[in-house]
Structures are given as C-alpha cells and as structure tokens.
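Here is the structure we will look at.
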Amino acid sequence: MYDLLSLYPTEIEELMASLGAPKYRAKQVFAWLKSGTHPRDMTNLPKELRERLGDAVRWSLPTVERKLISAVDGTVKYLFRLHDGECIESVFMRYEHGNTLCISSQVGCRMGCRFCASTLTGRVRDLSAGELLGQIIAAECDTGERVSNVVMMGIGEPLDNYDNVLRFLHLVNHKDGLNIGYRHISLSTSGVVPRILSLAKEDLPITLSVSLHAASDEKRSAIMPINQKWNIKELLSACVAYYEATRRRISFEYTLILGKNDGKEDARALGELLNRYFKPIGAPVHVNLIRVNEVKETEMVRGSVASANAFAATLEHLGITATVRRRLGADIDAACGQLRAARMGKTEDKWNENTEK
Ligand code: SAH
C-alpha cells in the first residue's frame, strides 16, 4: 500500500492514473498534503475519487499523543504516535530567525552512544519519508505557525535510514510542498562514514553536523561504539571530502560530560585535531558545545556553564569558533529520546507535570 505522504508528485500522477483520474488531480492532491489534509477532505476532488484514494493509500500523518510546553521559553515537545502505534518525538523551538523543528529519523536507534536516551531500547524501525515530513506538518497544524528550519537531531541516526531521509529532503524542499530551503536544514550524524561520502555526492546544500564528542579514538570509542567501526581519522577524512564536494561549513557537536571529555587538555586536543584536518584546505568549522543532559540510566554528569565557556575559549584561542548551546525547554526534558524512553518505562516519567494532553 502506498504511503501517500512519501510519494513524489510524479508517483502521485501514476497513482491517480491507476485510479482512472487525470494528471491535474495529482497536482491538487500534492498541494493538499502540506496542510495535513486527509484524502477524504480534499474538497476539490470528486467525492468518489476521494474515497477511492483514501482506500488506496496509507495515511502516515502522526497524531499528537502527548505534548509538553515549556513554561520558560514556549518550546513544545511532542510525543507523536505513528500509524502502527509506535511513538517518536519532535521539538518545536522559537528563535528570532524563525521556528525550528527537531525531528526524529527512526523509532529508536541502534548506535548505542553511552550518554543517549534514544538508544536505550535499540532500533525498532525506520521512519518513512512521509513520517519524517509528517512531523513538520503535524507540528504546523498543532501550533498554527510555520516551521522554517528543520534539524534532524531527534531520535535515530538519519544516515542509518538513508533512502527515506533523502526522499524526505527532496519532498520537503519541493516548491509545491513545504518549500523549506536546503540551507535551512541540518542533518546530524554519529559518523556513518560511507553515507557521509554518498551524501557529499547528492549536491544538496544542507548543513552537515557531525557528533564528535571526543578528540581521541580511545575516548570516542568509550562513549560511541560507532568509532570502533569508523575511527576519527576515517570520519574526519570523510568530512574533508564532504567539504571539498559541497563547500559547506561543517558543524561539529561536542557533548560535554563531566570528567570524561570536558577538560582543558580535551579542548586543546580537539582544537588541534580540527586544525590539522581543516586548516590546510581553508575549511571553516564550527563547534557546538552541549552540556550533557543527564539521563538516569547513563551515569553521565553535567558540568558547569563556566567550564563549558572555558572549553569554548580554548577552542577560540586555537582559531575555532565555538558556541555553548542555549538549553531551550530545559524544564520539559527537551532532549532527544527522553520522553519515548519514559513512555516505555525506561527512564523517569515527567508526563505528570507540564502535560497538556
Ligand atoms: N544520531 C544522530 C542525531 C541524533 S542525536 C547523531 O548522533 O548525531 C543529536 C545530538 O544530540 C547528537 O550530537 C547526540 O550525540 C546528542 N545527544 C544525545 N544524547 C545526549 C544527551 N544526553 N545530552 C546531550 N547531547 C546528547
């Protein structure tokens, strides 16, 4: 059965043809999708066609299962329910330059990063392109506001769901669809090297964000099992290739964990490492520092703002721009995976407070 939200306009044409409808009907259908309209409510289609279309496709728009609204900054965290009952999370954040939605790419995750709540129960399944898109549509419907930026930093590893993610990127950028520019989309990866190299060839000016989190293989392997498959040298070489193909600045994410990777010598090692790879080719890089969100099961401890600022200063001193990420939605646990895990009884449940639905 076709997943209507996952289809390209040309595929909708084929589908409509199979239902005996003319080409222009496909354009009408595609135009409805960005507003989250179910086929039965596509009022400019003949009633009989609406019904047959509704019967012929799967409707994968997520529904709001629960939501938390931050009393501090209005950040909205959604627990979305998918057509098969699985749940994922998305976070809606308001910035001066527009609204950003952080979306999930898989139900669960199999990367096993030691500090992350999303991976506690492994990967259940990939999200379809329609389910990726559906998170944006559902958040726009619920808030009544437009999403102008998308970050793929929720649950899952986007490059472990490559084909669907690529299809999603083409769909979300479509001028008759949500029409979100590639430059307003970031994709975050734990470092799936062959897929970074594939992505470099796709010619999409999205921002690649790489979760580095340590400057030595010993430290990185201890917190990110993927480093045993593709080490820092392989990862950064892929980033160099990515830059050379796209000329897009690469962002590195670095989660600061007290006593593990947050010392001055760690900052110096990180700065020197990035300079070694990117200075010779004149590639700008940026480091996003995130103080770890404490997840009960992981025993990782968050350090102070002052030590994060000192870490940033050491990087700046070495010529690397770094920012300490502001924590939006701190009061609602707006970090990836924590709500789904709570739902599954894997971590503390915050649903009793701040819950709207
Ligand atoms: N799988 C992708 C994207 C999802 S995670 C990736 O690994 O990049 C988005 C970012 O949040 C990653 O940098 C991830 O390492 C980080 N992250 C995960 N758990 C965290 C936690 N408890 N505290 C701080 N950052 C965390």
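As shown in the structure tokens, the chain order sets the letters A, B, ...; within each chain, residues go from 1, and ligands are also counted from 1 in the order they appear.
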Exercise answer, 6 Å around ligand 1 with only C-alpha atoms and all ligand atoms, as JSON, numbers by chain
{"A": [115, 116, 153, 154, 155, 156, 157, 188, 189, 190, 210, 211, 253, 255, 290, 292, 293, 294, 295]}
So that I have them on file, write out the residues from the current selection with N, CA and C atoms, as a PDB file, in the first residue's frame.
ATOM      1  N   PHE A 115      25.640   8.027  26.295  1.00  0.00           N
ATOM      2  CA  PHE A 115      25.001   9.121  27.040  1.00  0.00           C
ATOM      3  C   PHE A 115      23.582   9.388  26.556  1.00  0.00           C
ATOM      4  N   CYS A 116      23.125   8.618  25.580  1.00  0.00           N
ATOM      5  CA  CYS A 116      21.900   8.989  24.858  1.00  0.00           C
ATOM      6  C   CYS A 116      20.710   8.118  25.249  1.00  0.00           C
ATOM      7  N   MET A 153      17.874  15.982  14.456  1.00  0.00           N
ATOM      8  CA  MET A 153      18.653  15.718  15.660  1.00  0.00           C
ATOM      9  C   MET A 153      17.803  15.035  16.716  1.00  0.00           C
ATOM     10  N   GLY A 154      16.678  14.498  16.310  1.00  0.00           N
ATOM     11  CA  GLY A 154      15.827  13.801  17.272  1.00  0.00           C
ATOM     12  C   GLY A 154      16.268  12.348  17.418  1.00  0.00           C
ATOM     13  N   ILE A 155      15.296  11.486  17.664  1.00  0.00           N
ATOM     14  CA  ILE A 155      15.608  10.067  17.857  1.00  0.00           C
ATOM     15  C   ILE A 155      16.076   9.449  16.539  1.00  0.00           C
ATOM     16  N   GLY A 156      17.120   8.628  16.617  1.00  0.00           N
ATOM     17  CA  GLY A 156      17.559   7.870  15.444  1.00  0.00           C
ATOM     18  C   GLY A 156      18.779   8.439  14.763  1.00  0.00           C
ATOM     19  N   GLU A 157      19.342   7.637  13.862  1.00  0.00           N
ATOM     20  CA  GLU A 157      20.512   8.042  13.091  1.00  0.00           C
ATOM     21  C   GLU A 157      20.054   8.228  11.634  1.00  0.00           C
ATOM     22  N   SER A 188      22.196  15.690  11.413  1.00  0.00           N
ATOM     23  CA  SER A 188      23.224  15.344  12.390  1.00  0.00           C
ATOM     24  C   SER A 188      23.511  13.840  12.335  1.00  0.00           C
ATOM     25  N   THR A 189      24.785  13.498  12.313  1.00  0.00           N
ATOM     26  CA  THR A 189      25.142  12.076  12.259  1.00  0.00           C
ATOM     27  C   THR A 189      26.205  11.726  13.298  1.00  0.00           C
ATOM     28  N   SER A 190      26.107  10.482  13.766  1.00  0.00           N
ATOM     29  CA  SER A 190      27.107   9.982  14.704  1.00  0.00           C
ATOM     30  C   SER A 190      28.376   9.558  13.944  1.00  0.00           C
ATOM     31  N   VAL A 210      28.267  16.892  12.642  1.00  0.00           N
ATOM     32  CA  VAL A 210      28.878  15.614  12.994  1.00  0.00           C
ATOM     33  C   VAL A 210      29.061  15.534  14.507  1.00  0.00           C
ATOM     34  N   SER A 211      28.537  14.472  15.089  1.00  0.00           N
ATOM     35  CA  SER A 211      28.666  14.282  16.536  1.00  0.00           C
ATOM     36  C   SER A 211      30.044  13.696  16.825  1.00  0.00           C
ATOM     37  N   GLU A 253      29.328  18.603  16.712  1.00  0.00           N
ATOM     38  CA  GLU A 253      28.670  18.639  18.006  1.00  0.00           C
ATOM     39  C   GLU A 253      29.581  17.974  19.026  1.00  0.00           C
ATOM     40  N   THR A 255      29.304  16.992  23.009  1.00  0.00           N
ATOM     41  CA  THR A 255      28.581  16.934  24.279  1.00  0.00           C
ATOM     42  C   THR A 255      29.594  16.860  25.412  1.00  0.00           C
ATOM     43  N   ILE A 290      27.536  21.211  23.934  1.00  0.00           N
ATOM     44  CA  ILE A 290      26.275  20.917  24.624  1.00  0.00           C
ATOM     45  C   ILE A 290      26.626  20.292  25.963  1.00  0.00           C
ATOM     46  N   VAL A 292      25.970  17.908  28.714  1.00  0.00           N
ATOM     47  CA  VAL A 292      25.175  16.684  28.614  1.00  0.00           C
ATOM     48  C   VAL A 292      23.862  16.797  29.403  1.00  0.00           C
ATOM     49  N   ASN A 293      22.809  16.314  28.801  1.00  0.00           N
ATOM     50  CA  ASN A 293      21.552  16.182  29.527  1.00  0.00           C
ATOM     51  C   ASN A 293      21.642  14.884  30.300  1.00  0.00           C
ATOM     52  N   GLU A 294      21.458  14.969  31.597  1.00  0.00           N
ATOM     53  CA  GLU A 294      21.646  13.759  32.386  1.00  0.00           C
ATOM     54  C   GLU A 294      20.479  12.793  32.169  1.00  0.00           C
ATOM     55  N   VAL A 295      20.793  11.588  31.809  1.00  0.00           N
ATOM     56  CA  VAL A 295      19.802  10.532  31.613  1.00  0.00           C
ATOM     57  C   VAL A 295      20.101   9.523  32.714  1.00  0.00           C
TER      58      VAL A 295
END
With a distance cut-off of 10 Å and only C-alpha atoms, select the neighbouring residues of segment 297-307 of chain A, excluding the residue or stretch itself and same-chain residues fewer than 5 positions from it, and output the selection as a PyMOL selection string.
chain A and resi 113-117+120+255-260+262-264+290-292+312-313+324+346-348
Restricting it to C-alpha atoms, dump the selection as a compact mmCIF listing (two decimals), in the first residue's frame.
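For reference, again_27.txt as written:
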# COMPACT_ATOMS: atom_id res chain seq x y z
CA CYS A 113 26.01 6.11 22.31
CA ARG A 114 26.52 5.77 26.04
CA PHE A 115 25.00 9.12 27.04
CA CYS A 116 21.90 8.99 24.86
CA ALA A 117 18.35 8.07 25.90
CA LEU A 120 18.39 2.53 25.38
CA THR A 255 28.58 16.93 24.28
CA LEU A 256 30.50 17.89 27.40
CA ILE A 257 30.49 15.16 30.03
CA LEU A 258 32.00 15.96 33.39
CA GLY A 259 35.39 14.32 33.86
CA LYS A 260 35.19 12.39 30.59
CA ASP A 262 35.49 18.32 29.19
CA GLY A 263 38.98 19.20 30.43
CA LYS A 264 41.26 21.91 29.12
CA ILE A 290 26.28 20.92 24.62
CA ARG A 291 26.40 20.25 28.34
CA VAL A 292 25.18 16.68 28.61
CA ALA A 312 34.87 27.29 24.19
CA ALA A 313 37.52 29.89 24.99
CA VAL A 324 27.72 26.76 24.05
CA LYS A 346 12.93 3.12 30.76
CA THR A 347 13.55 6.42 32.43
CA GLU A 348 11.88 8.83 34.82
Apply DSSP to the backbone of this structure and, from segment 139-354 of chain A, keep only the residues in strand (DSSP E or B); write these as number ranges by chain.
A: 149-152, 185-189, 207-211, 250-256, 285-291, 321-324
Pick out the closest residue to Asn275 of chain A from this set: A:Gly36, A:Gly191, A:Gly181, A:Gly319. Count only C-alpha atoms.
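Result for the nearest residue to Asn275 of chain A: A:Gly319.
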Please report the interatomic distance between atom CA of Leu197 of chain A and atom CA of Asn261 of chain A in Å with one decimal.
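Between atom CA of Leu197 of chain A and atom CA of Asn261 of chain A the gap works out to 27.3 Å.
Residue neighbourhood of Lys233 of chain A, excluding near-sequence residues (fewer than 3 positions): Gly191, Val193, Leu212, Ala215, Ser216, Asp217, Arg220, Asn227, Gln228, Lys229, Trp230, Leu236, Ser237, Ala238, Cys239, Val240, Leu273, Leu274, Arg276 and Tyr277 of chain A, at 12 Å, using only C-alpha atoms.
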Shell around Gly134 of chain A at 10 Å using only C-alpha atoms, local window under 4 positions removed, as JSON, numbers by chain:
{"A": [5, 6, 33, 34, 35, 36, 59, 60, 61, 62, 63, 80, 82, 103, 128, 129, 130, 138, 139, 140, 168]}
With a distance cut-off of 7 Å and only C-alpha atoms, select the neighbouring residues of Val107 of chain A, excluding the residue or stretch itself and same-chain residues fewer than 5 positions from it, and output the selection as a PyMOL selection string.
chain A and resi 88+123-127+155-156
